[in-house]
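Asker: Take a look at target-v2.txt, compact mmCIF, C-alpha atoms:
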```
# COMPACT_ATOMS: atom_id res chain seq x y z
CA MET A 1 207.92 111.62 52.99
CA GLU A 2 207.96 111.19 49.21
CA LEU A 3 204.74 109.93 47.63
CA LYS A 4 204.61 107.49 44.76
CA LYS A 5 203.51 109.10 41.49
CA SER A 6 200.27 107.10 41.60
CA GLU A 7 199.44 108.53 45.04
CA THR A 8 199.84 112.23 44.31
CA ILE A 9 196.82 114.52 44.07
CA PHE A 10 197.63 115.08 40.39
CA ALA A 11 197.50 111.35 39.62
CA LYS A 12 194.17 111.07 41.44
CA MET A 13 192.83 113.89 39.28
CA GLY A 14 194.04 112.09 36.16
CA THR A 15 196.73 114.63 35.28
CA THR A 16 200.35 115.52 35.99
CA TYR A 17 201.91 118.46 37.79
CA ASN A 18 203.18 120.02 34.57
CA LYS A 19 199.86 119.64 32.77
CA PHE A 20 197.99 120.98 35.81
CA ARG A 21 200.36 123.93 36.14
CA ILE A 22 199.66 125.22 32.63
CA SER A 23 196.00 124.23 32.44
CA PRO A 24 193.61 127.20 31.95
CA ASP A 25 191.01 125.29 33.97
CA ASN A 26 193.02 123.95 36.91
CA ILE A 27 190.78 125.44 39.60
CA SER A 28 187.76 123.66 38.17
CA GLN A 29 189.74 120.41 38.02
CA VAL A 30 190.36 120.54 41.75
CA ARG A 31 186.75 121.37 42.52
CA LYS A 32 185.55 118.54 40.28
CA TYR A 33 187.88 116.04 41.94
CA TYR A 34 186.67 116.86 45.46
CA ARG A 35 183.04 116.91 44.36
CA GLU A 36 183.33 113.45 42.78
CA ARG A 37 185.27 112.18 45.79
CA ALA A 38 182.50 113.29 48.15
CA ILE A 39 179.88 111.51 46.02
CA LYS A 40 181.96 108.32 45.88
CA LEU A 41 182.42 108.34 49.66
CA LYS A 42 178.73 109.27 50.15
CA ARG A 43 179.61 112.34 52.15
CA VAL A 44 177.21 115.25 52.45
CA GLU A 45 179.71 117.94 51.53
CA MET A 46 180.62 120.33 48.72
CA PRO A 47 183.93 121.97 47.81
CA TRP A 48 184.25 125.72 48.21
CA TRP A 49 183.02 126.89 44.83
CA ILE A 50 185.76 128.79 43.03
CA THR A 51 186.20 128.04 39.35
CA SER A 52 188.00 129.58 36.44
CA GLU A 53 184.59 130.94 35.33
CA ASN A 54 183.61 132.71 38.52
CA VAL A 55 186.88 133.60 40.24
CA GLU A 56 186.78 137.06 38.61
CA THR A 57 183.04 137.71 38.93
CA GLY A 58 182.90 139.22 42.37
CA HIS A 59 181.72 136.31 44.53
CA SER A 60 182.00 137.44 48.12
CA PHE A 61 184.38 135.76 50.55
CA ASN A 62 182.21 136.95 53.44
CA ILE A 63 179.37 134.84 54.81
CA GLN A 64 175.93 136.47 54.66
CA LEU A 65 172.60 135.61 56.23
CA TRP A 66 169.69 134.93 53.88
CA SER A 67 167.63 137.56 55.67
CA THR A 68 170.11 140.30 54.73
CA LEU A 69 169.76 139.72 50.96
CA THR A 70 167.46 141.85 48.84
CA PRO A 71 164.17 140.30 47.69
CA GLN A 72 165.55 140.07 44.15
CA GLU A 73 168.72 138.30 45.33
CA ARG A 74 166.67 135.83 47.35
CA ARG A 75 164.38 135.11 44.41
CA GLU A 76 167.27 134.55 42.01
CA LEU A 77 168.98 132.17 44.42
CA GLN A 78 165.81 130.24 45.17
CA THR A 79 165.15 129.86 41.43
CA LYS A 80 168.58 128.29 40.98
CA CYS A 81 168.10 126.06 44.02
CA MET A 82 164.83 124.75 42.61
CA ILE A 83 166.57 123.86 39.34
CA LEU A 84 169.65 122.24 40.83
CA PHE A 85 168.06 120.40 43.75
CA PRO A 86 164.53 119.29 42.83
CA GLU A 87 164.48 116.83 45.72
CA ALA A 88 163.63 119.82 47.92
CA LEU A 89 160.39 120.22 45.91
CA ASN A 90 159.17 116.76 46.86
CA PRO A 91 156.60 117.14 49.66
CA ALA A 92 157.37 113.64 50.96
CA VAL A 93 158.89 113.63 54.44
CA SER A 94 162.68 113.49 54.34
CA LYS A 95 165.38 114.54 56.79
CA THR A 96 167.93 115.08 54.02
CA LYS A 97 166.10 116.74 51.12
CA TYR A 98 167.32 120.24 52.01
CA ASN A 99 170.95 119.26 52.63
CA ASN A 100 172.26 119.97 49.13
CA THR A 101 170.39 123.28 48.93
CA THR A 102 171.87 124.39 52.26
CA LEU A 103 175.41 123.37 51.31
CA TRP A 104 175.24 124.97 47.87
CA LEU A 105 173.98 128.29 49.22
CA CYS A 106 176.93 128.40 51.60
CA SER A 107 179.72 126.92 49.47
CA TYR A 108 178.92 128.79 46.27
CA ASN A 109 177.08 131.92 47.39
CA GLN A 110 178.43 132.33 50.93
CA VAL A 111 174.85 132.55 52.19
CA VAL A 112 173.56 130.83 55.32
CA ASN A 113 169.85 130.17 55.75
CA PRO A 114 168.98 128.69 59.17
CA ASN A 115 165.34 128.20 58.11
CA ILE A 116 165.78 126.60 54.70
CA ARG A 117 162.54 124.62 54.92
CA ASP A 118 160.53 127.84 55.03
CA LEU A 119 161.49 128.53 51.40
CA TYR A 120 159.23 125.66 50.39
CA SER A 121 156.63 125.25 53.11
CA ALA A 122 155.93 128.56 54.88
CA GLY A 123 152.44 129.94 54.37
CA GLY A 124 150.17 126.97 55.05
CA LYS A 125 148.71 124.38 52.70
CA ILE A 126 146.65 125.20 49.61
CA THR A 127 142.96 124.77 50.44
CA HIS A 128 141.18 126.57 47.58
CA VAL A 129 141.96 127.15 43.88
CA ASP A 130 140.09 130.07 42.28
CA GLY A 131 137.63 129.93 45.16
CA VAL A 132 136.92 126.20 44.79
CA LYS A 133 137.72 124.13 47.85
CA LEU A 134 140.01 121.17 47.25
CA ASP A 135 139.06 117.70 48.45
CA ARG A 136 142.12 117.83 50.64
CA PRO A 137 144.72 120.55 51.27
CA VAL A 138 147.94 120.18 49.28
CA PRO A 139 151.46 121.29 50.22
CA GLN A 140 152.57 124.91 49.88
CA VAL A 141 155.49 123.86 47.69
CA PHE A 142 153.20 123.64 44.64
CA ASN A 143 152.37 127.32 45.05
CA ILE A 144 156.11 128.02 45.22
CA ILE A 145 156.68 126.04 42.01
CA VAL A 146 153.89 127.91 40.19
CA GLY A 147 155.26 131.24 41.38
CA HIS A 148 158.80 130.53 40.17
CA ALA A 149 158.04 128.57 36.99
CA GLU A 150 158.43 131.53 34.61
CA ASP A 151 161.80 132.49 36.10
CA ILE A 152 162.95 128.89 35.92
CA LYS A 153 161.85 128.55 32.30
CA ALA A 154 163.64 131.78 31.33
CA LEU A 155 166.84 130.66 33.04
CA LEU A 156 166.79 127.17 31.52
CA ASN A 157 166.04 128.52 28.05
CA ASN A 158 169.00 130.92 28.23
CA LEU A 159 171.66 128.92 30.04
CA THR A 160 174.96 130.57 30.92
CA THR A 161 178.23 128.63 30.90
CA GLU A 162 178.28 128.76 34.69
CA MET A 163 174.73 127.45 35.00
CA VAL A 164 175.46 124.57 32.61
CA MET A 165 178.46 123.67 34.75
CA MET A 166 176.33 123.62 37.90
CA ILE A 167 173.59 121.53 36.28
CA LYS A 168 176.19 119.01 35.09
CA ASP A 169 177.41 118.69 38.66
CA PHE A 170 174.10 118.58 40.51
CA ASN A 171 171.21 117.72 38.18
CA PRO A 172 172.66 116.43 34.88
CA THR A 173 169.46 114.70 33.73
CA LEU A 174 168.11 118.14 32.81
CA LEU A 175 170.48 118.25 29.86
CA GLU A 176 169.72 114.81 28.44
CA ASN A 177 166.80 115.46 26.07
CA GLY A 178 167.51 118.94 24.76
CA ASN A 179 164.72 120.65 26.73
CA ALA A 180 165.88 121.37 30.26
CA TYR A 181 162.68 123.10 31.33
CA GLU A 182 160.47 120.18 30.26
CA SER A 183 162.76 117.78 32.10
CA TRP A 184 162.50 119.90 35.25
CA LEU A 185 158.72 120.21 34.94
CA ARG A 186 158.35 116.48 34.40
CA THR A 187 160.15 115.80 37.68
CA CYS A 188 157.95 118.29 39.54
CA SER A 189 154.81 116.82 37.94
CA GLU A 190 155.75 113.40 39.28
CA PHE A 191 155.71 114.88 42.78
CA ALA A 192 152.41 116.64 42.05
CA ASN A 193 150.72 113.48 40.76
CA GLU A 194 150.96 111.99 44.23
CA TYR A 195 148.58 114.73 45.39
CA ASN A 196 146.37 114.85 42.27
CA VAL A 197 147.71 118.33 41.53
CA PRO A 198 147.42 119.39 37.84
CA LEU A 199 150.70 121.24 38.08
CA ARG A 200 151.22 122.03 34.40
CA GLU A 201 147.69 123.49 34.19
CA TRP A 202 148.27 125.60 37.30
CA ILE A 203 151.53 126.94 35.87
CA GLU A 204 149.85 127.88 32.60
CA ARG A 205 146.80 129.66 34.03
CA LYS A 206 148.17 130.85 37.41
CA PRO A 207 145.05 130.47 39.52
CA GLU A 208 144.42 132.28 42.79
CA PHE A 209 145.18 130.17 45.84
CA GLN A 210 143.86 130.32 49.38
CA PHE A 211 145.75 128.75 52.26
CA SER A 212 145.15 127.23 55.66
CA MET A 213 146.40 129.23 58.61
```
In structure tokens, write the structure found in this file.
Answerer:
Amino acid sequence: MELKKSETIFAKMGTTYNKFRISPDNISQVRKYYRERAIKLKRVEMPWWITSENVETGHSFNIQLWSTLTPQERRELQTKCMILFPEALNPAVSKTKYNNTTLWLCSYNQVVNPNIRDLYSAGGKITHVDGVKLDRPVPQVFNIIVGHAEDIKALLNNLTTEMVMMIKDFNPTLLENGNAYESWLRTCSEFANEYNVPLREWIERKPEFQFSM
């Protein structure tokens, strides 16, 4: 069956076959089309992440378990997850807040984590700060944010082309005011304000926390 020109995949991507064939960025065009299509249809899905930037950089085509990664690999991936998907840092109850993190780890990094929530909540709630008992325990995620803040700031202050591309796809508001780290911290502080957590202060002075068992 012969499709009308307006119904071809190239027309839907806003290009033609000849232009697509010679484009230096045609892989990214396909990925972008399917990503935008999923958003439009409100589907919880991501395209397999191959782009003209990373196709030569040694991304594995084998699926790995999170538990088999080195501590450094896990930390680097979690840092990126916290930047791209800040909804996972919101302690409010949600059945969907880890969906994008889970999909991105698999589609881009070929990593499966069956216990994704543990990245943000394992270890009990914060009960004491520098030996002073809090009026009420606060979620573990604020300890995770404090512990990763320096890595996140370093990454956002020295953005690679690939990281900019990912932020544009998943958390574009970070790039709107010229200071991506401040934008990220402002979002996290909004979550913290609901629990009377002085998050910026904690990040700056790195207090010692105690946790409930």
Asker: Near A:Leu89, counting only C-alpha atoms, which residues have an atom at most 9 Å away, once you skip same-chain residues fewer than 4 positions from it, shown as a PDB file with C-alpha atoms, in the coordinates of the input?
Answerer:
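As a result, out00.pdb now contains:
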```pdb
ATOM      1  CA  MET A  82     164.830 124.750  42.610  1.00  0.00           C
ATOM      2  CA  PHE A  85     168.060 120.400  43.750  1.00  0.00           C
ATOM      3  CA  LYS A  97     166.100 116.740  51.120  1.00  0.00           C
ATOM      4  CA  TYR A 120     159.230 125.660  50.390  1.00  0.00           C
ATOM      5  CA  VAL A 141     155.490 123.860  47.690  1.00  0.00           C
ATOM      6  CA  PHE A 142     153.200 123.640  44.640  1.00  0.00           C
ATOM      7  CA  ILE A 144     156.110 128.020  45.220  1.00  0.00           C
ATOM      8  CA  ILE A 145     156.680 126.040  42.010  1.00  0.00           C
ATOM      9  CA  CYS A 188     157.950 118.290  39.540  1.00  0.00           C
ATOM     10  CA  PHE A 191     155.710 114.880  42.780  1.00  0.00           C
TER      11      PHE A 191
END
```
Asker: Tell me which of A:Cys81, A:Val132, A:Ala122, A:Ala180 sits closest to A:Asn100, counting only C-alpha atoms.
Answerer: A:Cys81
Asker: Once you count all atoms listed in the file, which residues end up no further than 8 Å from (178.2, 130.2, 50.6) in the file's frame, shown as a ChimeraX atom specification?
Answerer: /A:48,63-64,103-112
Asker: What is the atom CA of A:Glu208-atom CA of A:Thr68 distance in Å, reported with one decimal?
Answerer: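 Atom CA of A:Thr68 lies at a distance of 29.4 Å from atom CA of A:Glu208.
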Asker: Using all atoms listed in the file, pick whichever of A:Asn113, A:Ser212, A:Asn171, A:Ser121 has the shortest atom-to-atom distance to A:Leu69.
Answerer: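 Answer, going by the shortest atom-to-atom distance: A:Asn113.
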